[in-house]
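Pasted below: my_file-v7.cif, mmCIF, C-alpha atoms.
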data_entry
loop_
_atom_site.label_atom_id
_atom_site.label_comp_id
_atom_site.auth_asym_id
_atom_site.auth_seq_id
_atom_site.Cartn_x
_atom_site.Cartn_y
_atom_site.Cartn_z
CA MET A 14 96.04 61.82 108.09
CA LEU A 15 99.19 60.70 106.34
CA THR A 16 99.18 58.43 103.30
CA LEU A 17 102.50 57.14 102.03
CA TYR A 18 102.85 55.75 98.52
CA THR A 19 105.64 53.29 98.96
CA TYR A 20 107.36 50.21 97.60
CA PHE A 21 108.95 47.82 100.04
CA ARG A 22 112.33 47.77 98.30
CA SER A 23 112.49 51.47 97.41
CA SER A 24 115.42 52.99 99.21
CA ALA A 25 113.86 56.46 99.09
CA ALA A 26 110.55 55.23 100.55
CA TYR A 27 112.51 53.34 103.22
CA ARG A 28 114.09 56.66 104.32
CA VAL A 29 110.67 58.22 104.83
CA ARG A 30 109.30 55.17 106.63
CA ILE A 31 112.19 55.43 109.12
CA ALA A 32 111.52 59.13 109.74
CA LEU A 33 107.77 58.55 110.20
CA ASN A 34 108.55 55.84 112.74
CA LEU A 35 111.15 57.95 114.57
CA LYS A 36 108.56 60.72 114.84
CA GLY A 37 105.93 58.25 116.02
CA LEU A 38 103.58 59.22 113.19
CA ALA A 39 100.93 56.76 112.06
CA TYR A 40 100.40 56.53 108.30
CA THR A 41 98.52 54.50 105.74
CA PRO A 42 100.87 52.75 103.32
CA VAL A 43 99.71 52.42 99.72
CA PRO A 44 101.97 50.05 97.78
CA VAL A 45 103.11 51.11 94.32
CA HIS A 46 104.62 48.11 92.59
CA LEU A 47 107.61 49.35 90.63
CA LEU A 48 108.03 46.19 88.55
CA LYS A 49 104.50 44.98 87.79
CA ASP A 50 102.84 45.81 84.43
CA GLY A 51 105.62 48.18 83.36
CA GLY A 52 105.55 49.81 86.77
CA GLU A 53 102.52 51.12 88.62
CA GLN A 54 104.50 54.35 89.14
CA ASN A 55 104.11 55.03 85.43
CA GLN A 56 100.30 54.89 85.44
CA PRO A 57 98.70 58.29 84.73
CA ALA A 58 96.90 58.36 88.09
CA TYR A 59 100.18 58.04 89.94
CA ARG A 60 102.09 60.35 87.59
CA ALA A 61 99.53 63.04 88.42
CA LYS A 62 100.80 62.86 92.00
CA SER A 63 104.46 62.27 91.24
CA PRO A 64 105.37 63.59 87.79
CA LEU A 65 108.65 61.69 87.59
CA GLY A 66 106.91 58.46 88.60
CA THR A 67 108.97 57.90 91.72
CA VAL A 68 108.16 56.74 95.23
CA PRO A 69 107.70 57.90 97.92
CA THR A 70 104.84 60.36 97.71
CA LEU A 71 103.25 61.64 100.91
CA GLU A 72 99.67 62.91 101.04
CA CYS A 73 99.12 65.11 104.06
CA ASP A 74 97.41 68.28 105.29
CA HIS A 75 99.76 70.34 103.12
CA GLY A 76 99.04 68.49 99.91
CA VAL A 77 100.89 65.91 97.85
CA LEU A 78 104.61 65.92 98.56
CA THR A 79 107.32 64.25 96.50
CA GLN A 80 111.08 63.75 96.82
CA SER A 81 112.21 61.87 99.90
CA LEU A 82 114.60 64.51 101.25
CA ALA A 83 111.94 67.20 100.90
CA ILE A 84 109.51 64.95 102.76
CA LEU A 85 112.07 64.32 105.52
CA GLU A 86 112.61 68.07 105.96
CA TYR A 87 108.83 68.60 105.95
CA LEU A 88 108.31 66.00 108.68
CA ASP A 89 111.04 67.58 110.77
CA GLU A 90 109.55 71.06 110.38
CA THR A 91 105.97 70.05 111.11
CA HIS A 92 106.75 67.52 113.89
CA PRO A 93 109.87 68.93 115.55
CA ALA A 94 110.28 66.27 118.26
CA PRO A 95 112.38 64.23 118.18
CA ALA A 96 114.54 66.46 115.97
CA LEU A 97 116.16 64.83 112.94
CA LEU A 98 118.51 67.78 112.40
CA PRO A 99 120.87 69.28 114.99
CA ALA A 100 120.35 72.86 116.15
CA ASP A 101 123.62 74.44 114.97
CA PRO A 102 124.03 75.56 111.35
CA GLY A 103 127.34 73.73 110.88
CA GLY A 104 125.88 70.49 112.19
CA ARG A 105 122.78 70.85 110.05
CA ALA A 106 124.94 71.36 106.98
CA ARG A 107 127.02 68.30 107.87
CA VAL A 108 123.97 66.07 108.35
CA ARG A 109 122.48 67.26 105.07
CA ALA A 110 125.79 66.75 103.25
CA ILE A 111 125.98 63.12 104.43
CA ALA A 112 122.34 62.56 103.47
CA GLN A 113 122.86 64.14 100.06
CA THR A 114 126.05 62.24 99.33
CA ILE A 115 123.81 59.17 99.50
CA ALA A 116 120.60 60.62 98.06
CA CYS A 117 122.17 62.65 95.25
CA ASP A 118 125.47 60.95 94.47
CA ILE A 119 124.82 57.24 94.95
CA HIS A 120 121.16 56.38 94.81
CA PRO A 121 119.94 58.11 91.60
CA ILE A 122 122.73 56.60 89.51
CA ASN A 123 121.73 53.10 90.62
CA ASN A 124 118.00 53.67 90.48
CA LEU A 125 115.75 51.25 88.63
CA ARG A 126 115.04 53.57 85.70
CA VAL A 127 118.77 54.12 85.11
CA LEU A 128 119.59 50.40 85.33
CA ARG A 129 116.78 49.71 82.87
CA TYR A 130 118.22 52.23 80.40
CA LEU A 131 121.66 50.65 80.72
CA VAL A 132 120.28 47.19 80.03
CA HIS A 133 117.54 47.87 77.49
CA THR A 134 118.94 50.86 75.58
CA LEU A 135 122.70 50.45 75.95
CA GLY A 136 122.62 46.65 76.09
CA ILE A 137 125.09 46.18 78.91
CA THR A 138 125.63 42.66 80.29
CA PRO A 139 124.50 41.48 83.73
CA GLU A 140 128.17 41.56 84.79
CA GLN A 141 128.54 45.16 83.63
CA LYS A 142 125.33 46.08 85.46
CA THR A 143 126.60 44.59 88.72
CA ALA A 144 129.97 46.31 88.28
CA TRP A 145 128.20 49.64 87.63
CA TYR A 146 126.07 49.25 90.73
CA ARG A 147 128.98 48.38 92.97
CA HIS A 148 131.23 51.10 91.56
CA TRP A 149 128.89 53.92 92.58
CA VAL A 150 128.07 52.37 95.93
CA MET A 151 131.73 51.92 96.82
CA ASP A 152 132.73 55.37 95.53
CA GLY A 153 129.91 57.08 97.39
CA LEU A 154 130.19 55.14 100.63
CA ALA A 155 133.93 55.85 100.69
CA ALA A 156 132.99 59.55 100.70
CA VAL A 157 130.43 58.96 103.46
CA GLU A 158 133.03 57.09 105.54
CA ALA A 159 135.42 60.02 105.08
CA LEU A 160 132.72 62.48 106.18
CA LEU A 161 132.18 60.32 109.28
CA ALA A 162 135.87 60.63 110.25
CA ASP A 163 134.87 63.63 112.34
CA PRO A 164 134.57 64.10 116.10
CA ARG A 165 130.87 64.93 115.67
CA THR A 166 130.15 61.32 114.71
CA GLY A 167 128.69 59.41 117.65
CA ALA A 168 126.48 56.37 118.04
CA PHE A 169 124.80 57.76 114.91
CA CYS A 170 126.17 59.73 111.95
CA HIS A 171 125.95 62.96 113.95
CA GLY A 172 125.97 62.66 117.71
CA ASP A 173 123.98 60.15 119.71
CA THR A 174 120.51 60.58 118.24
CA PRO A 175 119.30 59.66 114.75
CA THR A 176 119.24 62.32 112.04
CA LEU A 177 118.32 62.59 108.37
CA ALA A 178 121.76 61.16 107.63
CA ASP A 179 120.91 57.88 109.36
CA CYS A 180 117.54 57.78 107.57
CA CYS A 181 119.51 57.77 104.30
CA LEU A 182 122.45 55.62 105.40
CA VAL A 183 120.52 52.55 106.55
CA PRO A 184 118.60 51.96 103.27
CA GLN A 185 121.79 52.50 101.27
CA VAL A 186 123.70 49.96 103.35
CA PHE A 187 120.77 47.55 102.99
CA ASN A 188 120.98 47.89 99.20
CA ALA A 189 124.76 47.58 99.19
CA LEU A 190 124.58 44.31 101.09
CA ARG A 191 121.82 43.02 98.82
CA PHE A 192 124.23 43.53 95.90
CA ASP A 193 127.07 41.85 97.82
CA CYS A 194 129.21 44.97 98.11
CA ASP A 195 132.20 44.51 100.42
CA LEU A 196 131.74 47.09 103.17
CA SER A 197 134.66 45.92 105.31
CA GLY A 198 136.60 49.07 104.38
CA PHE A 199 133.85 51.22 105.92
CA PRO A 200 133.83 50.31 109.62
CA THR A 201 132.21 53.48 110.89
CA LEU A 202 129.18 53.52 108.63
CA SER A 203 128.80 49.76 109.07
CA ARG A 204 128.85 50.15 112.85
CA ILE A 205 126.25 52.94 112.72
CA ALA A 206 123.94 51.06 110.35
CA ALA A 207 124.14 47.94 112.54
CA HIS A 208 123.27 50.01 115.60
CA CYS A 209 120.29 51.58 113.81
CA ASP A 210 119.06 48.14 112.84
CA THR A 211 118.64 47.26 116.52
CA LEU A 212 116.05 50.02 116.95
CA ASP A 213 112.33 49.48 116.44
CA ALA A 214 111.85 52.57 114.24
CA PHE A 215 114.42 51.29 111.76
CA ARG A 216 113.38 47.62 111.95
CA ALA A 217 109.73 48.39 111.29
CA ALA A 218 110.73 50.43 108.22
CA ALA A 219 112.82 47.67 106.66
CA PRO A 220 111.74 46.16 103.33
CA GLY A 221 111.03 42.74 104.83
CA ALA A 222 108.64 44.25 107.38
CA GLN A 223 106.41 45.94 104.80
CA PRO A 224 102.91 44.71 103.87
CA ASP A 225 103.93 44.55 100.19
CA ALA A 226 107.14 42.58 100.86
CA GLU A 227 107.62 39.61 98.57
CA MET B 12 134.96 85.13 105.21
CA LEU B 13 133.54 82.82 102.58
CA THR B 14 135.71 80.84 100.18
CA LEU B 15 133.99 78.95 97.38
CA TYR B 16 135.75 76.15 95.56
CA THR B 17 134.13 76.32 92.18
CA TYR B 18 134.41 75.44 88.50
CA PHE B 19 132.85 77.79 86.00
CA ARG B 20 130.85 75.08 84.23
CA SER B 21 129.82 73.10 87.32
CA SER B 22 126.08 73.19 87.57
CA ALA B 23 126.19 72.58 91.33
CA ALA B 24 128.69 75.40 91.91
CA TYR B 25 126.54 77.68 89.71
CA ARG B 26 123.58 77.08 92.09
CA VAL B 27 125.63 78.23 95.06
CA ARG B 28 127.02 81.25 93.20
CA ILE B 29 123.44 82.34 92.46
CA ALA B 30 122.44 82.00 96.13
CA LEU B 31 125.50 83.90 97.34
CA ASN B 32 124.68 86.70 94.91
CA LEU B 33 120.98 86.76 95.86
CA LYS B 34 122.02 87.07 99.52
CA GLY B 35 124.52 89.80 98.67
CA LEU B 36 127.39 87.81 100.20
CA ALA B 37 130.93 88.49 99.06
CA TYR B 38 133.13 85.42 98.61
CA THR B 39 136.53 84.44 97.33
CA PRO B 40 136.29 82.02 94.41
CA VAL B 41 138.98 79.34 94.17
CA PRO B 42 138.80 77.56 90.80
CA VAL B 43 139.06 73.76 90.77
CA HIS B 44 139.64 72.63 87.21
CA LEU B 45 137.61 69.46 86.73
CA LEU B 46 139.29 68.45 83.47
CA LYS B 47 142.97 69.39 83.89
CA ASP B 48 145.55 66.74 84.95
CA GLY B 49 142.92 64.09 85.68
CA GLY B 50 140.87 66.63 87.57
CA GLU B 51 142.07 68.94 90.33
CA GLN B 52 139.07 67.70 92.36
CA ASN B 53 140.83 64.34 92.65
CA GLN B 54 144.00 65.73 94.23
CA PRO B 55 144.46 64.63 97.87
CA ALA B 56 144.41 68.22 99.17
CA TYR B 57 140.99 68.80 97.65
CA ARG B 58 139.64 65.33 98.53
CA ALA B 59 140.45 66.14 102.18
CA LYS B 60 137.87 68.93 101.90
CA SER B 61 135.39 67.15 99.65
CA PRO B 62 135.72 63.35 99.98
CA LEU B 63 133.77 62.63 96.81
CA GLY B 64 135.89 65.12 94.85
CA THR B 65 133.01 67.34 93.83
CA VAL B 66 132.51 71.07 93.63
CA PRO B 67 131.27 73.26 95.21
CA THR B 68 132.87 73.33 98.64
CA LEU B 69 132.30 76.33 100.90
CA GLU B 70 134.74 77.31 103.62
CA CYS B 71 133.07 79.48 106.23
CA ASP B 72 132.81 80.21 109.95
CA HIS B 73 131.13 76.84 110.46
CA GLY B 74 133.80 74.79 108.71
CA VAL B 75 134.10 73.14 105.32
CA LEU B 76 130.71 72.46 103.76
CA THR B 77 130.00 70.20 100.81
CA GLN B 78 126.92 69.29 98.74
CA SER B 79 125.30 72.20 96.97
CA LEU B 80 121.78 71.75 98.41
CA ALA B 81 123.20 71.55 101.94
CA ILE B 82 125.14 74.75 101.26
CA LEU B 83 122.03 76.49 99.92
CA GLU B 84 120.07 75.54 103.05
CA TYR B 85 123.00 76.70 105.20
CA LEU B 86 123.13 80.08 103.50
CA ASP B 87 119.39 80.50 103.93
CA GLU B 88 119.57 79.61 107.63
CA THR B 89 122.55 81.82 108.43
CA HIS B 90 121.55 84.77 106.21
CA PRO B 91 117.75 84.72 106.27
CA ALA B 92 117.14 87.79 104.10
CA PRO B 93 116.14 87.61 101.34
CA ALA B 94 114.59 84.22 102.06
CA LEU B 95 115.17 81.47 99.50
CA LEU B 96 112.44 79.27 100.98
CA PRO B 97 108.81 80.28 101.59
CA ALA B 98 107.46 80.40 105.15
CA ASP B 99 104.75 77.72 104.94
CA PRO B 100 105.64 74.02 105.28
CA GLY B 101 103.79 73.01 102.12
CA GLY B 102 105.53 75.68 100.09
CA ARG B 103 108.91 74.75 101.50
CA ALA B 104 108.31 71.11 100.59
CA ARG B 105 107.29 72.11 97.07
CA VAL B 106 110.37 74.28 96.52
CA ARG B 107 112.64 71.53 97.81
CA ALA B 108 110.90 68.93 95.64
CA ILE B 109 111.51 71.02 92.51
CA ALA B 110 115.12 71.63 93.52
CA GLN B 111 115.68 67.93 94.24
CA THR B 112 114.03 66.75 91.04
CA ILE B 113 116.86 68.61 89.36
CA ALA B 114 119.65 68.03 91.88
CA CYS B 115 118.90 64.35 92.60
CA ASP B 116 117.12 63.03 89.52
CA ILE B 117 118.74 64.83 86.59
CA HIS B 118 122.12 66.26 87.46
CA PRO B 119 123.95 63.30 89.11
CA ILE B 120 123.12 60.94 86.25
CA ASN B 121 124.67 63.36 83.76
CA ASN B 122 127.60 64.37 85.91
CA LEU B 123 131.13 64.26 84.54
CA ARG B 124 132.22 61.19 86.52
CA VAL B 125 129.21 59.21 85.26
CA LEU B 126 129.74 60.26 81.65
CA ARG B 127 133.40 59.28 81.96
CA TYR B 128 132.45 55.81 83.22
CA LEU B 129 130.03 55.38 80.34
CA VAL B 130 132.69 56.31 77.81
CA HIS B 131 135.84 54.82 79.31
CA THR B 132 134.49 51.70 81.07
CA LEU B 133 131.38 50.85 79.08
CA GLY B 134 132.71 52.17 75.77
CA ILE B 135 129.59 53.97 74.61
CA THR B 136 129.76 56.06 71.44
CA PRO B 137 129.56 59.87 71.33
CA GLU B 138 126.03 59.51 69.90
CA GLN B 139 124.99 57.23 72.76
CA LYS B 140 126.49 59.68 75.24
CA THR B 141 124.50 62.57 73.79
CA ALA B 142 121.32 60.48 73.76
CA TRP B 143 121.89 59.50 77.40
CA TYR B 144 122.40 63.12 78.42
CA ARG B 145 119.31 64.35 76.64
CA HIS B 146 117.15 61.47 77.85
CA TRP B 147 117.62 62.34 81.53
CA VAL B 148 117.34 66.06 80.95
CA MET B 149 114.09 65.69 79.03
CA ASP B 150 112.62 63.16 81.46
CA GLY B 151 113.52 65.26 84.48
CA LEU B 152 112.53 68.63 83.06
CA ALA B 153 109.16 67.15 82.02
CA ALA B 154 108.65 66.37 85.71
CA VAL B 155 109.72 69.89 86.69
CA GLU B 156 107.31 71.38 84.14
CA ALA B 157 104.52 69.23 85.62
CA LEU B 158 105.39 70.42 89.15
CA LEU B 159 105.21 74.00 87.87
CA ALA B 160 101.61 73.48 86.62
CA ASP B 161 100.48 74.76 90.00
CA PRO B 162 98.87 78.03 91.03
CA ARG B 163 101.80 78.71 93.35
CA THR B 164 104.10 79.22 90.37
CA GLY B 165 104.66 82.91 89.71
CA ALA B 166 107.38 84.95 88.06
CA PHE B 167 109.67 82.36 89.63
CA CYS B 168 109.17 78.66 90.40
CA HIS B 169 107.34 79.52 93.61
CA GLY B 170 105.74 82.94 93.81
CA ASP B 171 107.36 86.16 92.74
CA THR B 172 110.71 85.96 94.47
CA PRO B 173 113.59 83.56 93.76
CA THR B 174 113.93 80.36 95.80
CA LEU B 175 116.22 77.35 95.96
CA ALA B 176 114.23 75.92 93.06
CA ASP B 177 115.31 78.76 90.77
CA CYS B 178 118.91 78.38 91.95
CA CYS B 179 118.75 74.81 90.63
CA LEU B 180 116.61 75.41 87.56
CA VAL B 181 118.75 78.04 85.85
CA PRO B 182 121.99 75.99 85.78
CA GLN B 183 120.07 72.94 84.56
CA VAL B 184 118.47 74.91 81.73
CA PHE B 185 121.88 76.35 80.86
CA ASN B 186 123.28 72.81 80.56
CA ALA B 187 120.29 71.57 78.60
CA LEU B 188 120.73 74.32 76.04
CA ARG B 189 124.47 73.66 75.83
CA PHE B 190 123.61 70.10 74.82
CA ASP B 191 120.99 71.32 72.32
CA CYS B 192 118.01 69.86 74.16
CA ASP B 193 114.69 71.02 72.72
CA LEU B 194 112.93 72.82 75.57
CA SER B 195 109.98 74.03 73.49
CA GLY B 196 107.71 71.56 75.31
CA PHE B 197 108.53 73.23 78.63
CA PRO B 198 107.20 76.80 78.31
CA THR B 199 106.86 77.51 82.03
CA LEU B 200 110.35 76.57 83.12
CA SER B 201 111.79 78.23 80.03
CA ARG B 202 109.93 81.45 80.83
CA ILE B 203 111.13 81.38 84.45
CA ALA B 204 114.76 80.67 83.50
CA ALA B 205 114.70 83.49 80.95
CA HIS B 206 113.32 85.87 83.57
CA CYS B 207 116.03 84.86 86.06
CA ASP B 208 118.68 85.49 83.43
CA THR B 209 117.67 89.16 83.31
CA LEU B 210 118.65 89.60 86.98
CA ASP B 211 122.14 90.61 88.09
CA ALA B 212 122.44 87.88 90.74
CA PHE B 213 121.88 85.19 88.15
CA ARG B 214 123.93 86.84 85.40
CA ALA B 215 126.97 87.31 87.61
CA ALA B 216 126.81 83.61 88.57
CA ALA B 217 126.74 82.34 84.98
CA PRO B 218 129.65 80.23 83.71
CA GLY B 219 130.76 82.86 81.19
CA ALA B 220 131.07 85.49 83.93
CA GLN B 221 133.48 83.47 86.10
CA PRO B 222 137.18 84.23 86.46
CA ASP B 223 138.05 80.68 85.36
CA ALA B 224 135.80 80.75 82.27
CA GLU B 225 137.44 79.47 79.11
#
Could I get this file's structure written as structure tokens?
Amino acid sequence: MLTLYTYFRSSAAYRVRIALNLKGLAYTPVPVHLLKDGGEQNQPAYRAKSPLGTVPTLECDHGVLTQSLAILEYLDETHPAPALLPADPGGRARVRAIAQTIACDIHPINNLRVLRYLVHTLGITPEQKTAWYRHWVMDGLAAVEALLADPRTGAFCHGDTPTLADCCLVPQVFNALRFDCDLSGFPTLSRIAAHCDTLDAFRAAAPGAQPDAE
Amino acid sequence: MLTLYTYFRSSAAYRVRIALNLKGLAYTPVPVHLLKDGGEQNQPAYRAKSPLGTVPTLECDHGVLTQSLAILEYLDETHPAPALLPADPGGRARVRAIAQTIACDIHPINNLRVLRYLVHTLGITPEQKTAWYRHWVMDGLAAVEALLADPRTGAFCHGDTPTLADCCLVPQVFNALRFDCDLSGFPTLSRIAAHCDTLDAFRAAAPGAQPDAE
């Protein structure tokens, strides 16, 4: 039994939904509305599961798991096929580095709680908020594109099967396009994300396909 | 042969130095001065290794590795003893969640490049910068303290041997204290960090013990 606390537009929850689908694992989605009533993620009942008040959270046989990358690693360790990490140590490090460039160096800086602080505490304008968002997306995706200039890149970020890197890339590209970022300078990551979006596992994980989509 | 591109005060490089020391691995440190001449990390020669211009970077038998958490996982996979992750999937997920709460949800938001943008592009005051820094430290460490309210916490974050979580915790506590954050509300993580700081592997990795310390 797998229960996923999720929000349709959460990039981190989107990563985990992709991995669950790639593994063919059924799960019960429980929507956590990040914008309603000050954010359902900030209610004490949810904070008891996820102390930082973030989605996703996965309830499973091994307890209540938080942090999307930790959940992705957990799913790969407990359900090894199909593998979401390559077998060789250098390849594993490369896949994780691509994933973390997105999950550590782009996403947290543009997360809802940070944007809220910028607007409500620092009083930045809507134009400054958009510029902030795009700056970190473009800076980070430029690094991802550079990491992909490597013979190990294939139909996906690493070789010809999806990995953790693709689970992170696709939601980030989705967000970038939602904020009208110009990705024309990043042909490789754009090509990979477009390919992923033709696959059922990725399509079924997309925000618009979720039961809580608005 | 291991070469570590490092900066004495980099929290992410500090994590990797701890892990290298815990594993008993000798390495050649190459300092990358993040503040001198617009940042040595932004020079083309270094960007070719690390496209985002971050430290640490590890050169090893498997190539050039970036992203501190990816490097920590790599070191644990290629040099399994002493293990920096527990054996059980639930424990591994917990250790990674603690590590990522620090490495994804605190550190990137307070990183040098973000602080520079806040000051130089958004024009925030020194007081606003300090408040920003402390806000994310306090918010994130409160979540870490909550994750540590768990019977699996021992002398270290998970049991009685150091893990990836401790490799991330100690540099974050070091930074928090440098910015005069009040950690009195976080007795468990403070106790664990103080214990770590009595051990040679952690002490030798500290900023003040580095060849490039100022």
Closest atom pairs, segment 141-227 of chain A residues within 8 Å of segment 74-97 of chain A, only C-alpha atoms, as a Markdown table:
| residue | atom | partner | partner_atom | distance |
| --- | --- | --- | --- | --- |
| A:Pro175 | CA | A:Leu97 | CA | 6.3 |
| A:Thr176 | CA | A:Leu97 | CA | 4.1 |
| A:Leu177 | CA | A:Leu97 | CA | 5.5 |
Would you mind listing, as a ChimeraX atom specification, all residues of chain A that have at least one atom within 9 Å of chain B, where only C-alpha atoms are what counts? /A:61,63-66,74-84,86-87,90-91,102-111,113-114,116-122,127,130,135,137,141,145,152-153,155-160
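Each of A:Asp213, A:Asp173, A:Gln223, A:Cys181 was checked against Val43 of chain A using only C-alpha atoms; the smallest atom-to-atom distance is that of A:Gln223.
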What lies within 10 Å of Pro218 of chain B using all atoms listed in the file, ignoring chain neighbours under 2 positions off, as a ChimeraX atom specification? /B:18-22,24-25,28,182,185,214-216,220-225
Could you take the residues named above and write them with C-alpha atoms, as a compact mmCIF listing (two decimals), in the coordinates of the input?
# COMPACT_ATOMS: atom_id res chain seq x y z
CA TYR B 18 134.41 75.44 88.50
CA PHE B 19 132.85 77.79 86.00
CA ARG B 20 130.85 75.08 84.23
CA SER B 21 129.82 73.10 87.32
CA SER B 22 126.08 73.19 87.57
CA ALA B 24 128.69 75.40 91.91
CA TYR B 25 126.54 77.68 89.71
CA ARG B 28 127.02 81.25 93.20
CA PRO B 182 121.99 75.99 85.78
CA PHE B 185 121.88 76.35 80.86
CA ARG B 214 123.93 86.84 85.40
CA ALA B 215 126.97 87.31 87.61
CA ALA B 216 126.81 83.61 88.57
CA ALA B 220 131.07 85.49 83.93
CA GLN B 221 133.48 83.47 86.10
CA PRO B 222 137.18 84.23 86.46
CA ASP B 223 138.05 80.68 85.36
CA ALA B 224 135.80 80.75 82.27
CA GLU B 225 137.44 79.47 79.11
Centre and edges of the segment 107-120 of chain A box, axis-aligned, 5 Å extra per side, as JSON:
{"center_x": 123.8, "center_y": 62.3, "center_z": 101.4, "size_x": 16.4, "size_y": 21.9, "size_z": 23.9}
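Candidate residues A:Arg28, A:His133, A:His171, A:His46 were compared for distance to Ala100 of chain A, and the nearest is A:His171, using all atoms listed in the file.
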For atom CA of Ala37 of chain B and atom CA of Ser201 of chain B, the interatomic separation in Å (one decimal):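 Interatomic distance, atom CA of Ala37 of chain B to atom CA of Ser201 of chain B: 28.9 Å.
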Atom CA of His206 of chain B and atom CA of Ala166 of chain B, how far apart in Å? 7.5 Å
